>>> print(open('target-v1.csv').read())   # CSV, C-alpha atoms
chain,number,residue,atom,x,y,z
J,64,MET,CA,4.9,19.3,16.1
J,65,ASN,CA,4.4,16.9,13.3
J,66,ARG,CA,4.0,13.2,14.1
J,67,PHE,CA,4.2,10.3,11.6
J,68,PRO,CA,2.6,6.9,12.4
J,69,ALA,CA,4.9,4.0,13.1
J,70,ARG,CA,5.7,1.7,10.2
J,71,VAL,CA,4.6,-1.9,10.1
J,72,LEU,CA,7.2,-4.6,9.3
J,73,PHE,CA,6.0,-7.0,6.6
J,74,ARG,CA,8.0,-9.8,8.2
J,75,SER,CA,5.5,-9.9,11.1
J,76,PHE,CA,2.8,-11.0,8.6
J,77,PHE,CA,2.9,-14.4,6.8
J,78,PRO,CA,6.4,-15.3,8.2
J,79,GLY,CA,6.3,-18.6,6.3
J,80,LEU,CA,6.0,-16.8,3.0
J,81,MET,CA,9.7,-16.0,3.2
J,82,LEU,CA,10.9,-19.4,4.3
J,83,ALA,CA,9.3,-22.1,2.3
J,84,ASN,CA,6.8,-23.2,-0.4
J,85,TRP,CA,4.3,-25.3,1.5
J,86,CYS,CA,1.6,-27.4,-0.1
J,87,ALA,CA,-1.2,-29.3,1.5
J,88,ALA,CA,-1.9,-32.9,0.7
J,89,ALA,CA,-3.2,-33.3,-2.8
J,90,ASN,CA,-6.0,-35.6,-1.7
J,91,ALA,CA,-7.6,-32.6,0.1
J,92,ALA,CA,-8.1,-30.8,-3.2
J,93,ASP,CA,-11.7,-31.7,-4.0
J,94,ALA,CA,-13.3,-28.3,-3.6
J,95,GLY,CA,-10.7,-25.7,-4.5
J,96,VAL,CA,-7.4,-24.0,-3.8
J,97,LEU,CA,-5.9,-20.9,-2.2
J,98,ARG,CA,-2.6,-19.6,-3.5
J,99,PHE,CA,-0.7,-16.5,-2.5
J,100,ALA,CA,2.8,-15.0,-2.7
J,101,GLN,CA,4.6,-11.9,-1.6
J,102,ALA,CA,4.7,-9.2,-4.3
J,103,SER,CA,8.3,-8.6,-5.6
J,104,PRO,CA,9.9,-5.6,-7.4
J,105,PRO,CA,10.0,-5.8,-11.2
J,106,GLY,CA,13.2,-7.6,-12.4
J,107,THR,CA,13.6,-9.6,-9.3
J,108,ALA,CA,12.9,-13.3,-8.7
J,109,ALA,CA,9.4,-13.8,-7.3
J,110,PRO,CA,9.2,-15.7,-4.0
J,111,ALA,CA,7.7,-19.2,-4.2
J,112,ALA,CA,3.9,-19.1,-3.9
J,113,MET,CA,2.2,-20.9,-1.1
J,114,SER,CA,-0.6,-23.2,-2.4
J,115,GLU,CA,-3.2,-24.8,-0.2
J,116,PRO,CA,-5.8,-27.1,-1.7
J,117,PHE,CA,-8.9,-27.7,0.5
J,118,SER,CA,-11.9,-29.9,0.7
J,119,ASP,CA,-15.6,-28.8,1.3
J,120,ALA,CA,-15.2,-29.9,5.0
J,121,GLN,CA,-12.2,-27.6,5.4
J,122,VAL,CA,-13.8,-24.3,4.2
J,123,THR,CA,-16.9,-22.3,5.0
J,124,LEU,CA,-18.3,-19.6,2.7
J,125,VAL,CA,-21.0,-17.3,4.0
J,126,ALA,CA,-22.7,-14.9,1.7
J,127,THR,CA,-23.4,-11.4,3.1
J,128,PRO,CA,-25.7,-8.7,1.7
J,129,ASN,CA,-22.9,-7.3,-0.4
J,130,GLY,CA,-20.1,-9.9,-0.3
J,131,VAL,CA,-18.8,-13.2,1.0
J,132,ASN,CA,-16.8,-14.3,4.1
J,133,ILE,CA,-14.5,-17.3,3.7
J,134,SER,CA,-12.8,-19.2,6.5
J,135,SER,CA,-10.9,-22.4,6.7
J,136,ALA,CA,-10.7,-25.2,9.3
J,137,SER,CA,-7.3,-26.4,8.0
J,138,THR,CA,-4.0,-26.0,9.7
J,139,PRO,CA,-2.7,-23.3,9.4
J,140,SER,CA,-6.1,-21.5,9.3
J,141,TRP,CA,-6.8,-18.6,7.0
J,142,SER,CA,-9.7,-16.3,6.1
J,143,LEU,CA,-10.7,-14.1,3.2
J,144,SER,CA,-13.5,-11.4,3.3
J,145,LEU,CA,-14.7,-9.6,0.3
J,146,ALA,CA,-17.4,-6.9,0.0
J,147,SER,CA,-18.7,-4.5,-2.6
J,148,THR,CA,-19.5,-1.0,-1.8
J,149,GLN,CA,-22.5,-1.0,0.5
J,150,GLY,CA,-25.8,-0.9,-1.4
J,151,GLN,CA,-24.3,-2.5,-4.5
J,152,PRO,CA,-24.6,-6.2,-5.3
J,153,PHE,CA,-21.5,-8.5,-5.2
J,154,GLY,CA,-20.6,-10.3,-8.3
J,155,PRO,CA,-18.2,-10.6,-11.2
J,156,ALA,CA,-16.4,-7.2,-11.5
J,157,CYS,CA,-13.3,-5.4,-10.6
J,158,TYR,CA,-13.1,-3.7,-7.2
J,159,GLU,CA,-10.7,-0.9,-6.8
J,160,ARG,CA,-9.1,0.9,-3.8
J,161,ALA,CA,-10.6,-1.6,-1.3
J,162,ARG,CA,-10.2,-1.0,2.4
J,163,ARG,CA,-10.1,-3.5,5.2
J,164,ALA,CA,-13.4,-5.4,4.9
J,165,SER,CA,-14.2,-5.2,8.7
J,166,SER,CA,-14.0,-1.4,8.7
J,167,ALA,CA,-14.4,-0.3,5.1
J,168,PRO,CA,-16.6,2.8,4.7
J,169,ALA,CA,-19.9,2.5,2.7
J,170,THR,CA,-18.3,4.1,-0.4
J,171,ARG,CA,-15.3,1.6,-0.6
J,172,PRO,CA,-15.1,-2.1,-1.4
J,173,GLY,CA,-13.7,-4.4,1.3
J,174,LEU,CA,-10.8,-6.8,1.2
J,175,GLU,CA,-9.2,-8.7,4.1
J,176,PHE,CA,-7.0,-11.7,3.9
J,177,ASN,CA,-5.4,-13.3,7.0
J,178,TYR,CA,-3.2,-16.4,7.2
J,179,ALA,CA,-2.0,-18.5,10.2
J,180,GLY,CA,-3.6,-16.3,12.8
J,181,SER,CA,-1.5,-13.3,11.7
J,182,ALA,CA,-3.0,-9.9,11.1
J,183,CYS,CA,-1.2,-7.3,9.0
J,184,ASP,CA,-3.7,-4.4,9.4
J,185,PRO,CA,-4.6,-4.5,5.7
J,186,ILE,CA,-4.8,-0.9,4.4
J,187,GLY,CA,-6.3,-1.7,1.1
J,188,GLY,CA,-5.9,-3.2,-2.3
J,189,ARG,CA,-7.8,-4.3,-5.3
J,190,TYR,CA,-9.5,-7.6,-6.4
J,191,ARG,CA,-11.5,-9.0,-9.3
J,192,VAL,CA,-14.3,-11.5,-9.0
J,193,LEU,CA,-14.1,-13.8,-12.1
J,194,GLU,CA,-16.9,-16.1,-11.2
J,195,TYR,CA,-19.7,-16.0,-8.5
J,196,GLN,CA,-22.7,-18.3,-8.4
J,197,GLN,CA,-25.2,-18.8,-5.6
J,198,THR,CA,-28.0,-21.4,-5.1
J,199,PRO,CA,-31.4,-19.9,-5.8
J,200,GLY,CA,-33.4,-19.5,-2.7
J,201,SER,CA,-30.8,-20.4,-0.1
J,202,HIS,CA,-28.2,-18.1,-1.6
J,203,ALA,CA,-25.5,-20.6,-0.7
J,204,VAL,CA,-22.2,-20.0,-2.5
J,205,GLU,CA,-21.8,-22.6,-5.2
J,206,LYS,CA,-18.8,-21.2,-7.2
J,207,LEU,CA,-16.3,-18.5,-6.6
J,208,ALA,CA,-13.1,-17.4,-8.4
J,209,VAL,CA,-11.2,-14.3,-7.1
J,210,ASP,CA,-7.8,-12.8,-7.7
J,211,PHE,CA,-6.6,-10.2,-5.2
J,212,TYR,CA,-3.7,-7.8,-4.5
J,213,GLN,CA,-3.6,-6.8,-0.8
J,214,TYR,CA,-1.3,-4.2,0.9
J,215,CYS,CA,-0.1,-5.0,4.4
J,216,GLY,CA,0.7,-2.1,6.7
J,217,ASP,CA,1.8,0.2,4.0
J,218,LEU,CA,1.8,0.6,0.2
J,219,HIS,CA,5.2,-1.0,-0.2
J,220,HIS,CA,4.5,-4.6,1.0
J,221,ALA,CA,1.8,-6.6,-0.7
J,222,VAL,CA,0.4,-10.1,-1.1
J,223,ILE,CA,-0.9,-11.4,-4.4
J,224,GLY,CA,-3.5,-14.2,-4.1
J,225,ASN,CA,-5.9,-16.4,-6.0
J,226,PHE,CA,-8.9,-18.3,-4.6
J,227,ARG,CA,-10.9,-20.9,-6.4
J,228,TYR,CA,-14.0,-22.7,-5.1
J,229,HIS,CA,-15.7,-25.3,-7.4
J,230,SER,CA,-14.4,-23.2,-10.3
J,231,ASP,CA,-12.8,-24.5,-13.4
J,232,LEU,CA,-10.9,-21.2,-13.9
J,233,PRO,CA,-7.1,-21.7,-13.5
J,234,VAL,CA,-5.1,-20.0,-10.7
J,235,ASP,CA,-2.2,-19.3,-13.1
J,236,ALA,CA,-4.1,-16.6,-15.0
J,237,ASP,CA,-2.8,-13.0,-15.1
J,238,SER,CA,-2.8,-11.6,-11.5
J,239,PRO,CA,-4.1,-8.1,-10.8
J,240,ALA,CA,-1.7,-5.3,-11.4
J,241,PRO,CA,-0.6,-3.3,-8.3
J,242,MET,CA,-3.0,-0.7,-7.1
J,243,PHE,CA,-0.1,1.6,-6.4
J,244,SER,CA,3.1,2.6,-8.3
J,245,ALA,CA,5.8,5.1,-7.6
J,246,SER,CA,9.1,6.4,-9.0
J,247,GLY,CA,11.6,9.2,-8.3
J,248,SER,CA,15.0,9.9,-7.0
J,249,VAL,CA,16.9,11.8,-4.2
J,250,TYR,CA,20.3,13.4,-4.7
J,251,VAL,CA,22.4,14.8,-1.8
J,252,LEU,CA,25.6,16.8,-2.2
J,253,GLY,CA,27.7,16.1,0.8
J,254,ASN,CA,30.1,18.3,2.7
J,255,SER,CA,32.7,17.9,5.5
J,256,GLU,CA,30.0,17.0,8.0
J,257,TYR,CA,28.7,14.0,10.0
J,258,VAL,CA,25.6,12.7,8.0
J,259,THR,CA,27.1,12.3,4.5
J,260,GLN,CA,30.8,12.0,5.6
J,261,GLY,CA,31.6,14.3,2.8
J,262,ASP,CA,30.3,12.0,0.0
J,263,ASN,CA,27.6,12.6,-2.6
J,264,TYR,CA,24.6,10.2,-2.8
J,265,SER,CA,22.0,9.5,-5.4
J,266,PHE,CA,19.2,6.9,-4.8
J,267,ALA,CA,16.3,5.8,-7.0
J,268,ILE,CA,12.8,5.6,-5.5
J,269,ASP,CA,10.2,3.0,-6.4
J,270,ALA,CA,7.1,1.5,-4.9
J,271,PHE,CA,9.1,-1.2,-3.1
J,272,ASN,CA,12.2,0.5,-1.7
J,273,THR,CA,10.8,3.7,-0.2
J,274,THR,CA,7.9,4.3,2.2
J,275,VAL,CA,6.1,7.6,2.0
J,276,VAL,CA,4.2,8.6,5.2
J,277,PRO,CA,2.1,11.8,5.1
J,278,ASP,CA,1.5,13.5,8.4
J,279,ALA,CA,-2.1,12.9,9.5
J,280,THR,CA,-2.8,16.6,9.4
J,281,GLY,CA,-1.4,17.1,5.9
J,282,GLY,CA,1.3,19.3,7.4
J,283,GLY,CA,4.3,17.2,6.4
J,284,VAL,CA,5.6,14.1,4.7
J,285,LEU,CA,8.3,11.6,5.5
J,286,PHE,CA,10.3,9.6,2.9
J,287,ASN,CA,11.9,6.5,4.4
J,288,SER,CA,14.1,3.9,2.5
J,289,GLN,CA,15.1,1.0,4.6
J,290,THR,CA,16.6,-0.5,1.5
J,291,ASN,CA,19.1,2.3,1.1
J,292,ALA,CA,19.2,3.5,4.7
J,293,TRP,CA,18.1,7.1,4.3
J,294,GLN,CA,15.1,9.2,5.3
J,295,LEU,CA,14.0,12.7,4.6
J,296,SER,CA,11.1,14.7,6.1
J,297,PHE,CA,9.5,18.1,5.5
J,298,ALA,CA,7.0,19.8,7.7
J,299,ALA,CA,5.1,23.1,7.6
J,300,PRO,CA,5.1,25.2,10.8
J,301,ALA,CA,2.6,24.4,13.5
J,302,THR,CA,-0.6,22.9,12.0
J,303,LEU,CA,-0.4,24.6,8.6
J,304,PRO,CA,-0.6,22.4,5.5
J,305,LEU,CA,2.5,21.7,3.5
J,306,LEU,CA,2.2,23.8,0.3
J,307,PRO,CA,4.5,25.0,-2.5
J,308,GLY,CA,6.8,27.7,-1.3
J,309,ASP,CA,9.9,28.7,0.6
J,310,TYR,CA,10.4,27.5,4.1
J,311,GLU,CA,13.2,29.3,6.1
J,312,SER,CA,14.7,28.7,9.5
J,313,ALA,CA,13.8,25.1,9.5
J,314,GLN,CA,14.6,23.0,12.6
J,315,LYS,CA,14.7,19.2,13.2
J,316,THR,CA,11.3,17.7,12.3
J,317,GLY,CA,9.2,16.9,15.4
J,318,TYR,CA,11.4,19.1,17.6
J,319,GLN,CA,10.9,22.5,15.9
J,320,ASP,CA,10.0,25.6,17.9
J,321,ALA,CA,6.7,27.3,17.3
J,322,GLY,CA,6.5,29.0,13.9
J,323,HIS,CA,9.4,27.0,12.5
J,324,PRO,CA,9.1,24.4,9.6
J,325,GLY,CA,10.6,21.0,10.0
J,326,LEU,CA,13.5,19.4,8.0
J,327,ASP,CA,15.5,16.2,8.6
J,328,TYR,CA,17.8,14.2,6.4
J,329,ASP,CA,19.7,11.3,7.8
J,330,MET,CA,21.3,8.2,6.5
J,331,ALA,CA,23.1,5.0,7.6
J,332,ALA,CA,21.9,5.7,11.2
J,333,ARG,CA,23.8,9.1,11.2
J,334,ALA,CA,21.5,11.9,12.2
J,335,CYS,CA,21.7,15.4,13.5
J,336,THR,CA,20.7,16.2,17.1
J,337,GLN,CA,19.9,19.8,16.1
J,338,ILE,CA,19.2,21.1,12.6
J,339,SER,CA,19.2,24.5,10.9
J,340,GLY,CA,18.3,24.9,7.3
J,341,ASP,CA,15.7,25.8,4.7
J,342,PHE,CA,13.8,24.2,1.9
J,343,ASN,CA,11.7,25.0,-1.1
J,344,VAL,CA,8.7,22.9,-2.1
J,345,ASP,CA,8.2,23.4,-5.8
J,346,THR,CA,5.4,20.9,-6.3
J,347,ILE,CA,3.1,18.9,-4.1
J,348,SER,CA,-0.2,17.3,-5.0
J,349,TRP,CA,-2.3,14.7,-3.3
J,350,ASP,CA,-4.6,11.8,-4.3
J,351,ARG,CA,-8.0,13.0,-3.0
J,352,VAL,CA,-9.2,9.5,-2.2
J,353,GLU,CA,-6.2,8.2,-0.4
J,354,ASN,CA,-4.8,11.5,1.0
J,355,TYR,CA,-1.4,10.5,-0.3
J,356,PRO,CA,1.2,12.5,-2.1
J,357,THR,CA,1.3,11.8,-5.9
J,358,ASN,CA,3.7,14.5,-7.0
J,359,PHE,CA,6.5,16.1,-4.9
J,360,PHE,CA,9.6,18.1,-5.8
J,361,ALA,CA,11.7,19.9,-3.3
J,362,THR,CA,15.2,21.2,-2.7
J,363,PHE,CA,16.8,21.6,0.7
J,364,THR,CA,19.9,22.9,2.6
J,365,GLN,CA,20.7,21.4,6.0
J,366,SER,CA,23.3,22.0,8.7
J,367,CYS,CA,23.9,19.9,11.7
J,368,GLU,CA,24.3,21.4,15.2
J,369,ALA,CA,24.1,24.9,13.6
J,370,THR,CA,27.9,25.0,12.9
J,371,SER,CA,28.8,22.2,10.5
J,372,PRO,CA,29.0,22.9,6.7
J,373,PRO,CA,25.6,22.5,5.0
J,374,ILE,CA,24.5,19.7,2.7
J,375,THR,CA,22.2,20.3,-0.2
J,376,GLY,CA,19.7,18.0,-1.8
J,377,VAL,CA,16.8,17.6,-4.2
J,378,ILE,CA,14.0,15.0,-4.2
J,379,ALA,CA,11.6,14.2,-7.0
J,380,TYR,CA,8.7,11.8,-6.5
J,381,ALA,CA,5.7,10.7,-8.4
J,382,ALA,CA,3.0,8.1,-7.5
J,383,SER,CA,-0.3,6.9,-8.9
J,384,PHE,CA,-3.2,4.7,-7.9
J,385,GLU,CA,-5.1,2.4,-10.3
J,386,SER,CA,-8.9,2.6,-10.6
J,387,GLY,CA,-11.4,1.7,-13.3
J,388,PRO,CA,-11.1,3.4,-16.7
J,389,LEU,CA,-13.1,6.6,-17.1
J,390,VAL,CA,-14.4,6.0,-20.6
J,391,GLU,CA,-17.9,5.8,-22.0
J,392,ASP,CA,-17.8,2.1,-23.0
J,393,VAL,CA,-17.1,0.8,-19.5
J,394,ILE,CA,-20.0,0.0,-17.2
J,395,HIS,CA,-19.5,1.9,-13.9
J,396,VAL,CA,-21.2,-0.2,-11.3
J,397,ALA,CA,-20.4,2.0,-8.3
J,398,GLY,CA,-18.1,4.7,-7.1
J,399,PHE,CA,-17.6,8.4,-7.1
J,400,ASP,CA,-19.2,10.9,-9.6
J,401,ALA,CA,-18.3,9.4,-13.0
J,402,ASP,CA,-17.7,12.9,-14.4
J,403,LYS,CA,-15.0,13.7,-11.8
J,404,ALA,CA,-13.4,10.5,-10.5
J,405,TRP,CA,-12.6,6.9,-11.5
J,406,PRO,CA,-15.1,4.2,-10.7
J,407,LEU,CA,-14.4,1.9,-7.8
J,408,VAL,CA,-16.4,-1.0,-9.1
J,409,TRP,CA,-16.6,-1.7,-12.8
J,410,GLN,CA,-17.3,-4.5,-15.3
J,411,CYS,CA,-13.8,-5.6,-16.2
J,412,GLN,CA,-14.7,-9.0,-17.7
>>> encode(input="target-v1.csv", output="structure tokens")
Amino acid sequence: MNRFPARVLFRSFFPGLMLANWCAAANAADAGVLRFAQASPPGTAAPAAMSEPFSDAQVTLVATPNGVNISSASTPSWSLSLASTQGQPFGPACYERARRASSAPATRPGLEFNYAGSACDPIGGRYRVLEYQQTPGSHAVEKLAVDFYQYCGDLHHAVIGNFRYHSDLPVDADSPAPMFSASGSVYVLGNSEYVTQGDNYSFAIDAFNTTVVPDATGGGVLFNSQTNAWQLSFAAPATLPLLPGDYESAQKTGYQDAGHPGLDYDMAARACTQISGDFNVDTISWDRVENYPTNFFATFTQSCEATSPPITGVIAYAASFESGPLVEDVIHVAGFDADKAWPLVWQCQ
């Protein structure tokens, strides 16, 4: 049986981000400012950014062996933790594919932003340090300028932020581009059955409207669009990996008998109790760093309750992750083998 992890609702994190544009009193702004906003799909109006100036008395910066931890005493409180890959110094550079700072592995940069006591279980992101200066001897942080792009819960809900501490660099400079992008479409040819109600459907897929959840074992993948109210899952039999090929005698994903692959398409809260069908995976490839599907193409046929007329469909999906450029004139500060993978920390200034 294939199991997919529960999705995290973005609204549980930074609830005020969707309600108002709040600014602290201007007379507190003698040390710096924190600004952040929810990322929005291209072509849509961006939500108002939240901007909080702070004084030296309201913020604490503590340098670590490979980064810096920032916390505020203002109301509401907030914190920002940044770390380079372990063993590499922290300083002006671009940091790619960061993981949650409190649990990042030694080979990954760390990024963790929390606001108003909320925690979103950050799963990663990217950030760039534009300016970093410490006092000789004490190593106290004198100046810091950072732009970050953090994902919250999944790769489809993100926060874009800027932090300035005794820095003259403006916060309205170009923000980091998303770490993750996706595109594709799903087309379903309906029949006289319950799920489609006999209609045909075509939906576009992008990085904001569709969540893609791979099974932890690599044996399946779930596409879920809350925006368009559909979901589609494919699973290999038992604990086998999902590979290109034909899969026959499929049953409802998560409830299939031993030896049967899993398949399940539902929409608008209309789903089958039992499913019979088959599918063909023409293409499937994975990002080796994130264990995430980057190319997927499949066709499927599904019948509800074994007797209803079948529906047929096709899904095409492509995704990519940003990393440092793999070219000779870029300084690779840290990361994977430069001959085989993109750098995770690089001199982007």
>>> closest_atom_pairs(input="target-v1.csv", of="range 182-247 of chain J", to="range 359-366 of chain J", cutoff="12 Å", atoms="all atoms listed in the file", output="JSON lines")
{"residue": "J:Ala245", "atom": "CA", "partner": "J:Phe359", "partner_atom": "CA", "distance": 11.3}
{"residue": "J:Ser246", "atom": "CA", "partner": "J:Phe359", "partner_atom": "CA", "distance": 10.8}
{"residue": "J:Gly247", "atom": "CA", "partner": "J:Phe359", "partner_atom": "CA", "distance": 9.2}
>>> atom_distance(input="target-v1.csv", atom1="CA of Glu368 in chain J", atom2="CA of Pro304 in chain J")
26.7 Å
>>> atom_distance(input="target-v1.csv", atom1="CA of Gln101 in chain J", atom2="CA of Asp350 in chain J")
25.6 Å
>>> closest_residue(input="target-v1.csv", among="J:Thr170, J:Ala120, J:Gln294, J:Arg98", to="Pro233 in chain J", atoms="all atoms listed in the file")
J:Arg98
>>> residues_around(input="target-v1.csv", residues="Pro307 in chain J", least_positions_apart="5", cutoff="6 Å", atoms="all atoms listed in the file", output="ChimeraX atom specification")
/J:344-346
>>> write_last_selection(input="target-v1.csv", atoms="C-alpha atoms", output="mmCIF file, in the coordinates of the input")
data_model
loop_
_atom_site.group_PDB
_atom_site.id
_atom_site.type_symbol
_atom_site.label_atom_id
_atom_site.label_comp_id
_atom_site.auth_asym_id
_atom_site.auth_seq_id
_atom_site.Cartn_x
_atom_site.Cartn_y
_atom_site.Cartn_z
ATOM 1 C CA VAL J 344 8.700 22.900 -2.100
ATOM 2 C CA ASP J 345 8.200 23.400 -5.800
ATOM 3 C CA THR J 346 5.400 20.900 -6.300
#
>>> residues_around(input="target-v1.csv", residues="Trp141 in chain J", least_positions_apart="2", cutoff="9 Å", atoms="only C-alpha atoms", output="list in words")
Ile133, Ser134, Ser135, Ala136, Ser137, Thr138, Pro139, Leu143, Phe176, Asn177, Tyr178, Ala179, Gly180 and Ser181 of chain J
>>> residues_around(input="target-v1.csv", residues="range 275-285 of chain J", least_positions_apart="3", cutoff="6 Å", atoms="all atoms listed in the file", output="JSON, numbers by chain")
{"J": [67, 295, 296, 297, 298, 299, 303, 304, 305]}
>>> closest_residue(input="target-v1.csv", among="J:Gly224, J:Ala379, J:Met113, J:Phe99", to="Ser265 in chain J", atoms="all atoms listed in the file")
J:Ala379
>>> closest_residue(input="target-v1.csv", among="J:Phe384, J:Tyr190, J:Phe286, J:Phe226", to="Ser147 in chain J", atoms="all atoms listed in the file")
J:Tyr190
>>> closest_residue(input="target-v1.csv", among="J:Gly317, J:Pro116, J:Gly261, J:Pro241", to="Arg227 in chain J", atoms="all atoms listed in the file")
J:Pro116
>>> residues_around(input="target-v1.csv", residues="Gly130 in chain J", least_positions_apart="3", cutoff="7 Å", atoms="only C-alpha atoms", output="JSON, numbers by chain")
{"J": [126, 127, 145, 146, 147, 153]}
>>> write_last_selection(input="target-v1.csv", atoms="C-alpha atoms", output="short mmCIF file (atom, residue, chain, number, x, y, z; two decimals), in the frame of the given file")
data_model
loop_
_atom_site.label_atom_id
_atom_site.label_comp_id
_atom_site.auth_asym_id
_atom_site.auth_seq_id
_atom_site.Cartn_x
_atom_site.Cartn_y
_atom_site.Cartn_z
CA ALA J 126 -22.70 -14.90 1.70
CA THR J 127 -23.40 -11.40 3.10
CA LEU J 145 -14.70 -9.60 0.30
CA ALA J 146 -17.40 -6.90 0.00
CA SER J 147 -18.70 -4.50 -2.60
CA PHE J 153 -21.50 -8.50 -5.20
#
>>> atom_distance(input="target-v1.csv", atom1="CA of Gln314 in chain J", atom2="CA of Ser255 in chain J")
20.1 Å
>>> residues_around(input="target-v1.csv", residues="Gln319 in chain J", least_positions_apart="5", cutoff="10 Å", atoms="all atoms listed in the file", output="mmCIF file with C-alpha atoms, in the coordinates of the input")
data_model
loop_
_atom_site.group_PDB
_atom_site.id
_atom_site.type_symbol
_atom_site.label_atom_id
_atom_site.label_comp_id
_atom_site.auth_asym_id
_atom_site.auth_seq_id
_atom_site.Cartn_x
_atom_site.Cartn_y
_atom_site.Cartn_z
ATOM 1 C CA MET J 64 4.900 19.300 16.100
ATOM 2 C CA ASN J 65 4.400 16.900 13.300
ATOM 3 C CA ALA J 298 7.000 19.800 7.700
ATOM 4 C CA PRO J 300 5.100 25.200 10.800
ATOM 5 C CA ALA J 301 2.600 24.400 13.500
ATOM 6 C CA SER J 312 14.700 28.700 9.500
ATOM 7 C CA ALA J 313 13.800 25.100 9.500
ATOM 8 C CA GLN J 314 14.600 23.000 12.600
ATOM 9 C CA PRO J 324 9.100 24.400 9.600
ATOM 10 C CA GLY J 325 10.600 21.000 10.000
ATOM 11 C CA LEU J 326 13.500 19.400 8.000
ATOM 12 C CA GLN J 337 19.900 19.800 16.100
ATOM 13 C CA ILE J 338 19.200 21.100 12.600
ATOM 14 C CA SER J 339 19.200 24.500 10.900
#
>>> axis_aligned_box(input="target-v1.csv", around="range 262-277 of chain J", padding_each_side="4 Å", output="AutoDock Vina command-line options")
--center_x 16.2 --center_y 5.7 --center_z -0.9 --size_x 36.2 --size_y 21.8 --size_z 20.2
>>> closest_residue(input="target-v1.csv", among="J:Ser371, J:Pro155, J:Phe271, J:Trp409", to="Thr107 in chain J", atoms="all atoms listed in the file")
J:Phe271
>>> closest_residue(input="target-v1.csv", among="J:Asp341, J:Tyr214, J:Tyr228, J:Arg189", to="Phe117 in chain J", atoms="all atoms listed in the file")
J:Tyr228
>>> build_atoms(input="target-v1.csv", residues="range 310-324 of chain J", atoms="N, CA and C atoms", output="compact mmCIF listing (two decimals), in the coordinates of the input")
# COMPACT_ATOMS: atom_id res chain seq x y z
N TYR J 310 10.51 27.73 2.70
CA TYR J 310 10.40 27.50 4.10
C TYR J 310 11.81 27.78 4.73
N GLU J 311 11.92 28.85 5.51
CA GLU J 311 13.20 29.30 6.10
C GLU J 311 13.26 28.97 7.56
N SER J 312 14.50 28.98 8.09
CA SER J 312 14.70 28.70 9.50
C SER J 312 14.15 27.42 9.98
N ALA J 313 14.33 26.40 9.15
CA ALA J 313 13.80 25.10 9.50
C ALA J 313 14.63 24.47 10.64
N GLN J 314 13.95 23.69 11.46
CA GLN J 314 14.60 23.00 12.60
C GLN J 314 14.25 21.48 12.42
N LYS J 315 14.85 20.64 13.26
CA LYS J 315 14.70 19.20 13.20
C LYS J 315 13.18 18.84 13.28
N THR J 316 12.67 18.09 12.30
CA THR J 316 11.30 17.70 12.30
C THR J 316 10.85 17.01 13.56
N GLY J 317 9.74 17.46 14.12
CA GLY J 317 9.20 16.90 15.40
C GLY J 317 9.75 17.59 16.60
N TYR J 318 10.77 18.42 16.44
CA TYR J 318 11.40 19.10 17.60
C TYR J 318 11.45 20.63 17.33
N GLN J 319 10.81 21.09 16.27
CA GLN J 319 10.90 22.50 15.90
C GLN J 319 10.16 23.39 16.90
N ASP J 320 10.65 24.59 17.11
CA ASP J 320 10.00 25.60 17.90
C ASP J 320 8.74 26.09 17.18
N ALA J 321 7.86 26.74 17.91
CA ALA J 321 6.70 27.30 17.30
C ALA J 321 7.01 28.25 16.18
N GLY J 322 6.32 28.10 15.07
CA GLY J 322 6.50 29.00 13.90
C GLY J 322 7.64 28.54 12.99
N HIS J 323 8.34 27.45 13.31
CA HIS J 323 9.40 27.00 12.50
C HIS J 323 9.00 25.75 11.67
N PRO J 324 9.39 25.67 10.40
CA PRO J 324 9.10 24.40 9.60
C PRO J 324 10.10 23.34 10.08
